[in-house]
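Here's entry.txt, which has compact mmCIF, C-alpha atoms:
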```txt
# COMPACT_ATOMS: atom_id res chain seq x y z
CA MET Q 287 4.39 20.16 -23.69
CA MET Q 288 2.00 17.18 -23.86
CA PRO Q 289 3.83 14.15 -25.26
CA GLU Q 290 2.55 12.53 -28.45
CA LEU Q 291 0.68 9.45 -27.21
CA GLY Q 292 -0.77 8.39 -30.57
CA LYS Q 293 -3.57 5.84 -30.72
CA TYR Q 294 -2.99 4.77 -27.09
CA ALA Q 295 -3.65 8.22 -25.62
CA GLY Q 296 -6.94 7.07 -24.07
CA ALA Q 297 -5.31 4.08 -22.34
CA VAL Q 298 -2.34 6.05 -20.99
CA LEU Q 299 -4.33 9.08 -19.82
CA SER Q 300 -7.05 6.99 -18.18
CA SER Q 301 -4.40 4.93 -16.33
CA TYR Q 302 -2.85 8.10 -14.92
CA ALA Q 303 -6.23 9.67 -14.09
CA VAL Q 304 -7.55 6.60 -12.24
CA SER Q 305 -4.29 5.91 -10.37
CA ILE Q 306 -3.61 9.48 -9.30
CA GLY Q 307 -7.28 9.89 -8.36
CA LEU Q 308 -7.17 6.78 -6.14
CA LEU Q 309 -3.89 7.84 -4.49
CA VAL Q 310 -5.21 11.36 -3.79
CA LEU Q 311 -8.43 9.88 -2.36
CA LEU Q 312 -6.42 7.51 -0.12
CA VAL Q 313 -4.27 10.37 1.19
CA ALA Q 314 -7.31 12.64 1.71
CA VAL Q 315 -9.28 9.97 3.62
CA SER Q 316 -6.23 9.10 5.76
CA VAL Q 317 -5.57 12.75 6.68
CA TRP Q 318 -9.26 13.46 7.30
CA ARG Q 319 -9.65 10.42 9.60
CA ALA Q 320 -6.38 11.22 11.41
CA ARG Q 321 -7.62 14.73 12.24
CA ARG Q 322 -11.10 13.55 13.23
CA VAL Q 323 -9.84 10.78 15.56
CA LYS Q 324 -7.26 13.13 17.14
CA ARG Q 325 -9.99 15.69 17.86
CA GLN Q 326 -12.39 13.05 19.21
CA LEU Q 327 -9.71 11.57 21.48
CA LYS Q 328 -8.94 15.02 22.89
CA ASP Q 329 -12.65 15.46 23.72
CA VAL Q 330 -12.91 12.04 25.35
CA GLU Q 331 -9.70 12.58 27.36
CA SER Q 332 -10.79 15.97 28.66
CA LYS Q 333 -14.20 14.51 29.57
CA ALA Q 334 -12.51 11.61 31.37
CA LYS Q 335 -10.28 14.08 33.27
CA ARG Q 336 -13.28 16.15 34.36
CA HIS Q 337 -15.04 13.04 35.70
CA GLY Q 338 -11.88 12.03 37.57
CA MET U 296 23.29 -1.14 16.92
CA ASN U 297 21.23 -2.52 19.76
CA LEU U 298 18.28 -4.29 18.14
CA ASN U 299 16.46 -4.44 21.45
CA ALA U 300 16.15 -0.65 21.26
CA LEU U 301 13.74 -1.19 18.34
CA TRP U 302 11.12 -2.57 20.75
CA GLU U 303 10.93 0.87 22.37
CA TYR U 304 8.87 1.90 19.35
CA ALA U 305 6.27 -0.67 20.34
CA ASN U 306 5.36 1.81 23.05
CA PRO U 307 2.45 3.81 21.55
CA LYS U 308 3.55 7.08 23.16
CA LYS U 309 7.13 6.71 21.92
CA PHE U 310 5.83 5.73 18.45
CA ILE U 311 3.71 8.89 18.21
CA GLN U 312 6.54 11.11 19.49
CA THR U 313 9.03 9.68 16.99
CA THR U 314 6.67 9.76 14.02
CA ASP U 315 5.82 13.39 14.84
CA ARG U 316 9.37 14.24 13.78
CA VAL U 317 9.73 11.73 10.92
CA LEU U 318 6.36 12.07 9.18
CA PRO U 319 6.80 15.53 7.59
CA TRP U 320 10.16 14.51 6.07
CA VAL U 321 8.91 11.20 4.69
CA SER U 322 5.78 12.87 3.30
CA GLY U 323 7.83 15.61 1.63
CA LEU U 324 10.27 13.09 0.12
CA ALA U 325 7.35 10.97 -1.13
CA VAL U 326 5.78 13.93 -2.93
CA VAL U 327 9.12 14.92 -4.50
CA ALA U 328 9.95 11.37 -5.65
CA LEU U 329 6.44 10.77 -7.04
CA VAL U 330 6.32 14.08 -8.92
CA VAL U 331 9.85 13.67 -10.34
CA GLY U 332 9.33 10.00 -11.27
CA LEU U 333 5.91 10.41 -12.87
CA VAL U 334 6.78 13.64 -14.73
CA TRP U 335 10.04 12.06 -15.97
CA GLY U 336 8.27 8.88 -17.06
CA PHE U 337 5.25 10.57 -18.63
CA PHE U 338 6.86 13.55 -20.37
CA PHE U 339 10.50 12.65 -20.96
CA THR U 340 10.67 9.00 -22.00
CA PRO U 341 10.26 7.75 -25.57
CA GLU U 342 7.71 5.25 -26.88
CA ASP U 343 8.62 1.59 -26.82
CA TYR U 344 9.05 0.05 -30.29
CA ARG U 345 6.52 -2.71 -29.45
CA GLN U 346 4.21 -1.20 -26.84
CA GLY U 347 4.08 2.35 -28.19
CA SER U 348 3.10 4.97 -25.59
CA THR U 349 1.42 2.34 -23.35
CA VAL U 350 4.91 1.73 -21.91
CA LYS U 351 4.27 4.85 -19.81
CA ILE U 352 1.75 2.82 -17.80
CA ILE U 353 4.62 0.85 -16.20
CA TYR U 354 5.41 3.86 -13.97
CA LEU U 355 2.13 3.23 -12.20
CA HIS U 356 1.57 -0.48 -12.76
CA VAL U 357 4.94 -1.88 -11.65
CA PRO U 358 5.32 0.19 -8.43
CA SER U 359 1.71 -0.42 -7.38
CA ALA U 360 1.99 -4.18 -8.05
CA LEU U 361 5.26 -4.34 -6.09
CA MET U 362 3.68 -2.48 -3.20
CA ALA U 363 0.53 -4.64 -3.26
CA ILE U 364 2.64 -7.74 -2.61
CA ASN U 365 5.18 -6.19 -0.24
CA ILE U 366 2.58 -4.44 1.89
CA TRP U 367 1.00 -7.83 2.55
CA LEU U 368 4.43 -9.19 3.49
CA MET U 369 4.96 -6.23 5.83
CA MET U 370 1.57 -7.08 7.37
CA LEU U 371 2.80 -10.66 7.76
CA VAL U 372 5.87 -9.49 9.70
CA THR U 373 3.87 -7.19 11.99
CA SER U 374 1.22 -9.89 12.48
CA LEU U 375 3.92 -12.36 13.51
CA ILE U 376 5.30 -9.79 15.95
CA TRP U 377 1.79 -9.46 17.40
CA ILE U 378 1.41 -13.23 17.70
CA VAL U 379 4.82 -13.71 19.32
CA ARG U 380 5.33 -10.54 21.38
CA ARG U 381 1.79 -9.10 21.75
CA HIS U 382 2.83 -5.54 20.86
CA HIS U 383 -0.35 -3.62 20.03
CA VAL U 384 1.44 -1.15 17.75
CA SER U 385 2.48 -3.97 15.42
CA ALA U 386 -1.08 -5.31 15.10
CA LEU U 387 -2.36 -1.76 14.53
CA ALA U 388 0.34 -1.14 11.91
CA ALA U 389 -0.91 -4.19 9.99
CA ARG U 390 -4.46 -2.87 10.25
CA ALA U 391 -3.29 0.56 9.07
CA ALA U 392 -1.44 -0.90 6.08
CA ALA U 393 -4.32 -3.00 4.70
CA PRO U 394 -6.35 -0.21 2.99
CA ILE U 395 -3.14 1.11 1.39
CA GLY U 396 -2.37 -2.39 0.09
CA ALA U 397 -5.93 -2.77 -1.20
CA VAL U 398 -5.68 0.53 -3.13
CA MET U 399 -2.30 -0.52 -4.57
CA THR U 400 -3.81 -3.82 -5.70
CA VAL U 401 -6.74 -2.03 -7.35
CA ILE U 402 -4.34 0.34 -9.17
CA ALA U 403 -2.26 -2.63 -10.36
CA LEU U 404 -5.37 -4.49 -11.57
CA ILE U 405 -6.92 -1.45 -13.32
CA THR U 406 -3.72 -0.24 -15.00
CA GLY U 407 -2.96 -3.84 -16.01
CA ALA U 408 -6.41 -4.19 -17.59
CA ILE U 409 -6.10 -0.84 -19.38
CA TRP U 410 -2.66 -1.86 -20.70
CA GLY U 411 -3.83 -5.38 -21.56
CA GLN U 412 -6.72 -4.30 -23.76
CA PRO U 413 -4.60 -2.80 -26.58
CA MET U 414 -1.59 -5.13 -26.06
CA TRP U 415 -3.25 -8.51 -25.47
CA GLY U 416 -6.63 -7.69 -27.01
CA THR U 417 -8.44 -8.35 -23.72
CA TRP U 418 -9.09 -6.52 -20.44
CA TRP U 419 -8.79 -9.67 -18.39
CA ALA U 420 -7.58 -13.25 -18.65
CA TRP U 421 -7.60 -16.00 -16.02
CA ASP U 422 -3.83 -15.97 -16.15
CA PRO U 423 -1.94 -17.22 -13.02
CA ARG U 424 -0.57 -13.80 -12.05
CA LEU U 425 -3.77 -11.88 -12.73
CA THR U 426 -5.87 -14.44 -10.89
CA SER U 427 -3.56 -14.57 -7.87
CA PHE U 428 -3.63 -10.78 -7.77
CA LEU U 429 -7.42 -10.77 -7.76
CA ILE U 430 -7.36 -13.29 -4.89
CA LEU U 431 -4.85 -11.08 -3.06
CA PHE U 432 -7.29 -8.17 -3.42
CA LEU U 433 -10.09 -10.32 -1.96
CA PHE U 434 -7.79 -11.19 0.96
CA TYR U 435 -7.23 -7.47 1.59
CA VAL U 436 -10.99 -6.88 1.60
CA GLY U 437 -11.58 -9.88 3.89
CA TYR U 438 -8.80 -8.73 6.24
CA MET U 439 -10.29 -5.23 6.58
CA ALA U 440 -13.81 -6.63 7.01
CA LEU U 441 -12.60 -8.97 9.79
CA TRP U 442 -11.08 -6.06 11.74
CA GLU U 443 -14.39 -4.17 11.46
CA ALA U 444 -16.52 -7.17 12.37
CA ILE U 445 -14.89 -7.99 15.72
CA GLU U 446 -15.39 -5.64 18.64
CA ASN U 447 -12.59 -6.87 20.90
CA ASP U 448 -9.31 -5.47 19.58
CA ASP U 449 -7.12 -8.34 20.79
CA THR U 450 -9.40 -11.01 19.33
CA ALA U 451 -9.54 -9.06 16.06
CA ALA U 452 -5.74 -8.82 16.02
CA ASP U 453 -5.42 -12.59 16.65
CA LEU U 454 -7.86 -13.61 13.91
CA THR U 455 -6.63 -11.11 11.33
CA SER U 456 -3.04 -12.26 12.00
CA ILE U 457 -4.05 -15.82 11.16
CA LEU U 458 -5.81 -14.60 8.01
CA CYS U 459 -2.66 -12.68 7.12
CA LEU U 460 -0.56 -15.84 7.42
CA VAL U 461 -2.92 -17.69 5.06
CA GLY U 462 -3.06 -14.77 2.61
CA SER U 463 0.73 -14.63 2.46
CA VAL U 464 0.64 -17.74 0.30
CA PHE U 465 -1.27 -15.74 -2.32
CA ALA U 466 1.00 -12.71 -1.94
CA LEU U 467 3.97 -14.95 -2.74
CA LEU U 468 2.04 -16.69 -5.53
CA SER U 469 1.28 -13.26 -7.04
CA ARG U 470 4.99 -12.54 -7.09
CA TYR U 471 6.17 -15.87 -8.46
CA ALA U 472 3.12 -17.02 -10.47
CA VAL U 473 4.91 -16.36 -13.74
CA ASN U 474 7.81 -18.58 -12.65
CA PHE U 475 5.68 -21.34 -11.07
CA TRP U 476 3.36 -21.76 -14.05
CA ASN U 477 5.16 -21.06 -17.27
CA GLN U 478 1.93 -20.15 -19.00
CA GLY U 479 -0.55 -17.28 -19.26
CA LEU U 480 -0.37 -13.85 -20.81
CA HIS U 481 1.56 -11.95 -18.18
CA GLN U 482 5.23 -11.44 -19.01
CA GLY U 483 8.10 -11.89 -16.56
CA ALA U 484 9.25 -9.29 -14.05
CA SER U 485 10.14 -5.83 -15.39
CA LEU U 486 12.72 -5.50 -12.63
CA SER U 487 15.16 -8.16 -11.62
CA LEU U 488 18.48 -8.50 -9.83
CA ASP U 489 19.70 -9.87 -13.13
CA LYS U 490 20.48 -6.73 -15.18
CA GLU U 491 19.84 -8.59 -18.46
CA GLU U 492 16.18 -9.09 -17.58
CA ASN U 493 15.43 -5.45 -16.72
CA VAL U 494 13.62 -3.02 -18.97
CA ALA U 495 15.86 -0.69 -21.02
CA ASP U 496 17.74 2.00 -19.04
CA VAL U 497 15.69 4.82 -20.55
CA PHE U 498 12.60 3.38 -18.82
CA TYR U 499 14.45 1.82 -15.88
CA HIS U 500 15.72 4.98 -14.16
CA PRO U 501 12.41 6.88 -13.96
CA LEU U 502 10.80 3.57 -12.92
CA LEU U 503 13.20 3.31 -9.97
CA VAL U 504 12.30 6.88 -8.91
CA CYS U 505 8.58 6.02 -9.14
CA ILE U 506 9.12 2.90 -7.02
CA ALA U 507 10.97 5.00 -4.44
CA GLY U 508 8.02 7.43 -4.48
CA PHE U 509 5.48 4.65 -3.92
CA VAL U 510 7.59 3.16 -1.08
CA LEU U 511 7.93 6.56 0.62
CA LEU U 512 4.22 7.27 0.14
CA PHE U 513 3.44 3.94 1.77
CA ILE U 514 5.75 4.67 4.73
CA ALA U 515 4.18 8.12 5.22
CA LEU U 516 0.64 6.73 5.01
CA VAL U 517 1.27 3.72 7.23
CA LEU U 518 2.85 5.94 9.92
CA LEU U 519 -0.05 8.40 9.74
CA ARG U 520 -2.68 5.64 9.79
CA THR U 521 -0.96 3.70 12.61
CA ARG U 522 -1.00 6.85 14.74
CA THR U 523 -4.72 7.13 13.98
CA GLU U 524 -5.32 3.48 14.94
CA ILE U 525 -3.37 3.97 18.22
CA ARG U 526 -5.54 6.98 19.08
CA ALA U 527 -8.74 5.21 18.04
CA ARG U 528 -7.83 2.25 20.24
CA ARG U 529 -7.15 4.51 23.22
CA MET U 530 -10.46 6.25 22.61
CA ARG U 531 -12.35 2.93 22.57
CA ALA U 532 -10.63 1.93 25.82
CA LEU U 533 -11.56 5.23 27.53
CA LEU U 534 -15.17 5.03 26.33
CA ALA U 535 -15.42 1.42 27.53
CA ARG U 536 -14.05 2.45 30.96
CA GLU U 537 -16.59 5.28 31.07
CA ARG U 538 -19.47 2.93 30.24
CA MET U 539 -18.41 0.58 33.04
CA GLY U 540 -18.76 3.47 35.46
```
As structure tokens, what does this structure read like?
Amino acid sequence: MMPELGKYAGAVLSSYAVSIGLLVLLVAVSVWRARRVKRQLKDVESKAKRHG
Amino acid sequence: MNLNALWEYANPKKFIQTTDRVLPWVSGLAVVALVVGLVWGFFFTPEDYRQGSTVKIIYLHVPSALMAINIWLMMLVTSLIWIVRRHHVSALAARAAAPIGAVMTVIALITGAIWGQPMWGTWWAWDPRLTSFLILFLFYVGYMALWEAIENDDTAADLTSILCLVGSVFALLSRYAVNFWNQGLHQGASLSLDKEENVADVFYHPLLVCIAGFVLLFIALVLLRTRTEIRARRMRALLARERMG
């Protein structure tokens, strides 16, 4: 199934590996921070409510 | 359509409610478009008679370069909205977009260098487009650093908006460098409104799908990250109120 990339296989495959790796990392960091901040805000809001 | 209704989304609560519904759809469409475009481009397109298999790099390089420039221009628009109308969501959207733009710029620079080595015989040249892209990347880094360095959110939004205005010159230079200075290694645009200048159809169609995928990915990420920035801002405000007693 792998296409014949010839003498440029290294260049093509490394481009895809680096780019997809960076995009996945960006998505993972964004999702992780979104969840963490949402959780932290919930804690702070409930604390603020308790203290009036 | 009543354009004034658009300003409703400057309300953080309304923004979060609306994006709650939109985000899963945009994210799903982004994944589908990216998978279809990249699989089509990588597995089902032929080699180019001059570039060989390195032509497959355009499915990453062209969309990321387009996004690098256009994300900065989106930041310019939202920064101007902040300056003129003082809507916090617009300033936070610019802040949320910057890391995505920086990653797109890095992808464009790296894939360009990897493509350039076998095609031009060098990883890097101080060519107008390459150099203006490197400067654009430095602007992204400076913009993010400025947000982090200033504690007061409104002051940070003011100063980063000014930086964004200045950086827009380089975003436009990155786009038109090839036309302004008719020199350097970088070729003209792969996509153009003039059909004659576009790449061949066999590469063009999967490229359009990849571009759609990158645009949708950006929209999904900027919505997600803006929601995070809105919540982080609210959290800072609550903590500051708590500290003041």
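The list of residues with at least one atom within 8 Å of Met370 (chain U), based on all atoms listed in the file and without residues fewer than 4 positions apart in the same chain, reads Ile366, Ser374, Ala388, Ala389, Arg390, Ala392, Ala393 and Cys459 of chain U.
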Which residues of chain Q have any atom within 9 Å of an atom in chain U when counting all atoms listed in the file, and what is the closest pair of atoms for each, with the distance in Å to one decimal? Order the rows by chain and rising number and write it as a tab-separated table.
```
residue	atom	partner	partner_atom	distance
Q:Met287	CA	U:Phe338	CA	7.8
Q:Met288	CA	U:Phe338	CA	7.0
Q:Pro289	CA	U:Phe338	CA	5.8
Q:Glu290	CA	U:Ser348	CA	8.1
Q:Leu291	CA	U:Ser348	CA	5.3
Q:Gly292	CA	U:Ser348	CA	7.2
Q:Lys293	CA	U:Ser348	CA	8.5
Q:Tyr294	CA	U:Thr349	CA	6.3
Q:Ala295	CA	U:Ser348	CA	7.5
Q:Ala297	CA	U:Ile409	CA	5.8
Q:Val298	CA	U:Thr349	CA	5.8
Q:Leu299	CA	U:Ile352	CA	9.0
Q:Ser300	CA	U:Ile409	CA	8.0
Q:Ser301	CA	U:Thr406	CA	5.4
Q:Tyr302	CA	U:Leu355	CA	7.5
Q:Val304	CA	U:Ile402	CA	7.7
Q:Ser305	CA	U:Ile402	CA	5.7
Q:Ile306	CA	U:Leu355	CA	9.0
Q:Leu308	CA	U:Val398	CA	7.1
Q:Leu309	CA	U:Val398	CA	7.6
Q:Leu312	CA	U:Ile395	CA	7.3
Q:Val313	CA	U:Leu516	CA	7.2
Q:Ser316	CA	U:Arg520	CA	6.4
Q:Val317	CA	U:Leu519	CA	7.7
Q:Arg319	CA	U:Thr523	CA	7.4
Q:Ala320	CA	U:Thr523	CA	5.1
Q:Arg321	CA	U:Thr523	CA	8.3
Q:Val323	CA	U:Ala527	CA	6.2
Q:Lys324	CA	U:Arg526	CA	6.7
Q:Gln326	CA	U:Met530	CA	7.8
Q:Leu327	CA	U:Met530	CA	5.5
Q:Lys328	CA	U:Met530	CA	8.9
Q:Val330	CA	U:Met530	CA	6.9
Q:Glu331	CA	U:Leu533	CA	7.6
Q:Ala334	CA	U:Leu533	CA	7.5
```
Any chance you could export the current selection's C-alpha atoms as a PDB file, in the frame of the given file?
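Saved to result.pdb:
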```pdb
ATOM      1  CA  MET Q 287       4.390  20.160 -23.690  1.00  0.00           C
ATOM      2  CA  MET Q 288       2.000  17.180 -23.860  1.00  0.00           C
ATOM      3  CA  PRO Q 289       3.830  14.150 -25.260  1.00  0.00           C
ATOM      4  CA  GLU Q 290       2.550  12.530 -28.450  1.00  0.00           C
ATOM      5  CA  LEU Q 291       0.680   9.450 -27.210  1.00  0.00           C
ATOM      6  CA  GLY Q 292      -0.770   8.390 -30.570  1.00  0.00           C
ATOM      7  CA  LYS Q 293      -3.570   5.840 -30.720  1.00  0.00           C
ATOM      8  CA  TYR Q 294      -2.990   4.770 -27.090  1.00  0.00           C
ATOM      9  CA  ALA Q 295      -3.650   8.220 -25.620  1.00  0.00           C
ATOM     10  CA  ALA Q 297      -5.310   4.080 -22.340  1.00  0.00           C
ATOM     11  CA  VAL Q 298      -2.340   6.050 -20.990  1.00  0.00           C
ATOM     12  CA  LEU Q 299      -4.330   9.080 -19.820  1.00  0.00           C
ATOM     13  CA  SER Q 300      -7.050   6.990 -18.180  1.00  0.00           C
ATOM     14  CA  SER Q 301      -4.400   4.930 -16.330  1.00  0.00           C
ATOM     15  CA  TYR Q 302      -2.850   8.100 -14.920  1.00  0.00           C
ATOM     16  CA  VAL Q 304      -7.550   6.600 -12.240  1.00  0.00           C
ATOM     17  CA  SER Q 305      -4.290   5.910 -10.370  1.00  0.00           C
ATOM     18  CA  ILE Q 306      -3.610   9.480  -9.300  1.00  0.00           C
ATOM     19  CA  LEU Q 308      -7.170   6.780  -6.140  1.00  0.00           C
ATOM     20  CA  LEU Q 309      -3.890   7.840  -4.490  1.00  0.00           C
ATOM     21  CA  LEU Q 312      -6.420   7.510  -0.120  1.00  0.00           C
ATOM     22  CA  VAL Q 313      -4.270  10.370   1.190  1.00  0.00           C
ATOM     23  CA  SER Q 316      -6.230   9.100   5.760  1.00  0.00           C
ATOM     24  CA  VAL Q 317      -5.570  12.750   6.680  1.00  0.00           C
ATOM     25  CA  ARG Q 319      -9.650  10.420   9.600  1.00  0.00           C
ATOM     26  CA  ALA Q 320      -6.380  11.220  11.410  1.00  0.00           C
ATOM     27  CA  ARG Q 321      -7.620  14.730  12.240  1.00  0.00           C
ATOM     28  CA  VAL Q 323      -9.840  10.780  15.560  1.00  0.00           C
ATOM     29  CA  LYS Q 324      -7.260  13.130  17.140  1.00  0.00           C
ATOM     30  CA  GLN Q 326     -12.390  13.050  19.210  1.00  0.00           C
ATOM     31  CA  LEU Q 327      -9.710  11.570  21.480  1.00  0.00           C
ATOM     32  CA  LYS Q 328      -8.940  15.020  22.890  1.00  0.00           C
ATOM     33  CA  VAL Q 330     -12.910  12.040  25.350  1.00  0.00           C
ATOM     34  CA  GLU Q 331      -9.700  12.580  27.360  1.00  0.00           C
ATOM     35  CA  ALA Q 334     -12.510  11.610  31.370  1.00  0.00           C
TER      36      ALA Q 334
END
```
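Taking CA of Thr455 (chain U) and CA of Tyr438 (chain U) as the two end points, the separation is 6.0 Å.
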- Message: I'd like the contact shell of Ala305 (chain U) - 7 Å cut-off, only C-alpha atoms, skipping same-chain residues fewer than 5 positions apart - returned as a PyMOL selection string.
- Response: chain U and resi 310+382+384
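Between CA of Phe513 (chain U) and CA of Ala360 (chain U) there is a distance of 12.8 Å.
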- Take CA of Ser463 (chain U) and CA of Asn365 (chain U) and report the distance between them in Å, one decimal. 9.9 Å
For the point (-10.9, -7.0, 11.2) in file coordinates, what residues are within 12 Å, counting all atoms listed in the file? Give the answer as a CSV table (one decimal) with C-alpha atoms, in the coordinates of the input?
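File selection-v5.csv, as written:
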```csv
chain,number,residue,atom,x,y,z
U,386,ALA,CA,-1.1,-5.3,15.1
U,387,LEU,CA,-2.4,-1.8,14.5
U,389,ALA,CA,-0.9,-4.2,10.0
U,390,ARG,CA,-4.5,-2.9,10.2
U,391,ALA,CA,-3.3,0.6,9.1
U,393,ALA,CA,-4.3,-3.0,4.7
U,394,PRO,CA,-6.4,-0.2,3.0
U,434,PHE,CA,-7.8,-11.2,1.0
U,435,TYR,CA,-7.2,-7.5,1.6
U,436,VAL,CA,-11.0,-6.9,1.6
U,437,GLY,CA,-11.6,-9.9,3.9
U,438,TYR,CA,-8.8,-8.7,6.2
U,439,MET,CA,-10.3,-5.2,6.6
U,440,ALA,CA,-13.8,-6.6,7.0
U,441,LEU,CA,-12.6,-9.0,9.8
U,442,TRP,CA,-11.1,-6.1,11.7
U,443,GLU,CA,-14.4,-4.2,11.5
U,444,ALA,CA,-16.5,-7.2,12.4
U,445,ILE,CA,-14.9,-8.0,15.7
U,446,GLU,CA,-15.4,-5.6,18.6
U,447,ASN,CA,-12.6,-6.9,20.9
U,448,ASP,CA,-9.3,-5.5,19.6
U,449,ASP,CA,-7.1,-8.3,20.8
U,450,THR,CA,-9.4,-11.0,19.3
U,451,ALA,CA,-9.5,-9.1,16.1
U,452,ALA,CA,-5.7,-8.8,16.0
U,453,ASP,CA,-5.4,-12.6,16.6
U,454,LEU,CA,-7.9,-13.6,13.9
U,455,THR,CA,-6.6,-11.1,11.3
U,456,SER,CA,-3.0,-12.3,12.0
U,457,ILE,CA,-4.0,-15.8,11.2
U,458,LEU,CA,-5.8,-14.6,8.0
U,459,CYS,CA,-2.7,-12.7,7.1
```
- Excluding Leu329 (chain U) and any residue of its chain fewer than 5 positions from it, enumerate the residues within 9 Å of it, using all atoms listed in the file, and give them as a list in words. Leu324, Val334, Val504, Cys505, Ile506, Ala507, Gly508, Phe509, Leu511 and Leu512 of chain U
Find the axis-aligned box for region 314-324 of chain Q, covering all its listed atoms and adding 3 Å on each side, and write its centre and edge lengths in Å to one decimal as JSON.
```
{"center_x": -8.3, "center_y": 11.9, "center_z": 9.4, "size_x": 11.5, "size_y": 11.6, "size_z": 21.4}
```
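Using all atoms listed in the file, the protein and nucleic acid residues lying at most 8 Å from the point (14.3, 11.4, -11.1) are Ala328, Val331, Gly332, Trp335, His500, Pro501 and Val504 of chain U.
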Could I see region 375-386 of chain U restored to N, CA and C atoms, set down as a PDB file, in the coordinates of the input?
```
ATOM      1  N   LEU U 375       3.106 -11.380  12.772  1.00  0.00           N
ATOM      2  CA  LEU U 375       3.920 -12.360  13.510  1.00  0.00           C
ATOM      3  C   LEU U 375       4.451 -11.745  14.812  1.00  0.00           C
ATOM      4  N   ILE U 376       4.835 -10.466  14.728  1.00  0.00           N
ATOM      5  CA  ILE U 376       5.300  -9.790  15.950  1.00  0.00           C
ATOM      6  C   ILE U 376       4.157  -9.739  16.981  1.00  0.00           C
ATOM      7  N   TRP U 377       2.943  -9.463  16.490  1.00  0.00           N
ATOM      8  CA  TRP U 377       1.790  -9.460  17.400  1.00  0.00           C
ATOM      9  C   TRP U 377       1.598 -10.842  18.033  1.00  0.00           C
ATOM     10  N   ILE U 378       1.647 -11.885  17.195  1.00  0.00           N
ATOM     11  CA  ILE U 378       1.410 -13.230  17.700  1.00  0.00           C
ATOM     12  C   ILE U 378       2.469 -13.618  18.740  1.00  0.00           C
ATOM     13  N   VAL U 379       3.720 -13.268  18.448  1.00  0.00           N
ATOM     14  CA  VAL U 379       4.820 -13.710  19.320  1.00  0.00           C
ATOM     15  C   VAL U 379       4.977 -12.780  20.534  1.00  0.00           C
ATOM     16  N   ARG U 380       4.968 -11.460  20.286  1.00  0.00           N
ATOM     17  CA  ARG U 380       5.330 -10.540  21.380  1.00  0.00           C
ATOM     18  C   ARG U 380       4.178  -9.719  21.933  1.00  0.00           C
ATOM     19  N   ARG U 381       3.005  -9.799  21.286  1.00  0.00           N
ATOM     20  CA  ARG U 381       1.790  -9.100  21.750  1.00  0.00           C
ATOM     21  C   ARG U 381       2.005  -7.584  21.855  1.00  0.00           C
ATOM     22  N   HIS U 382       2.695  -7.004  20.881  1.00  0.00           N
ATOM     23  CA  HIS U 382       2.830  -5.540  20.860  1.00  0.00           C
ATOM     24  C   HIS U 382       1.650  -4.970  20.060  1.00  0.00           C
ATOM     25  N   HIS U 383       0.840  -4.148  20.718  1.00  0.00           N
ATOM     26  CA  HIS U 383      -0.350  -3.620  20.030  1.00  0.00           C
ATOM     27  C   HIS U 383      -0.002  -2.787  18.804  1.00  0.00           C
ATOM     28  N   VAL U 384       1.090  -2.023  18.882  1.00  0.00           N
ATOM     29  CA  VAL U 384       1.440  -1.150  17.750  1.00  0.00           C
ATOM     30  C   VAL U 384       1.652  -1.971  16.480  1.00  0.00           C
ATOM     31  N   SER U 385       2.220  -3.164  16.627  1.00  0.00           N
ATOM     32  CA  SER U 385       2.480  -3.970  15.420  1.00  0.00           C
ATOM     33  C   SER U 385       1.173  -4.452  14.802  1.00  0.00           C
ATOM     34  N   ALA U 386       0.218  -4.873  15.639  1.00  0.00           N
ATOM     35  CA  ALA U 386      -1.080  -5.310  15.100  1.00  0.00           C
ATOM     36  C   ALA U 386      -1.787  -4.125  14.442  1.00  0.00           C
TER      37      ALA U 386
END
```
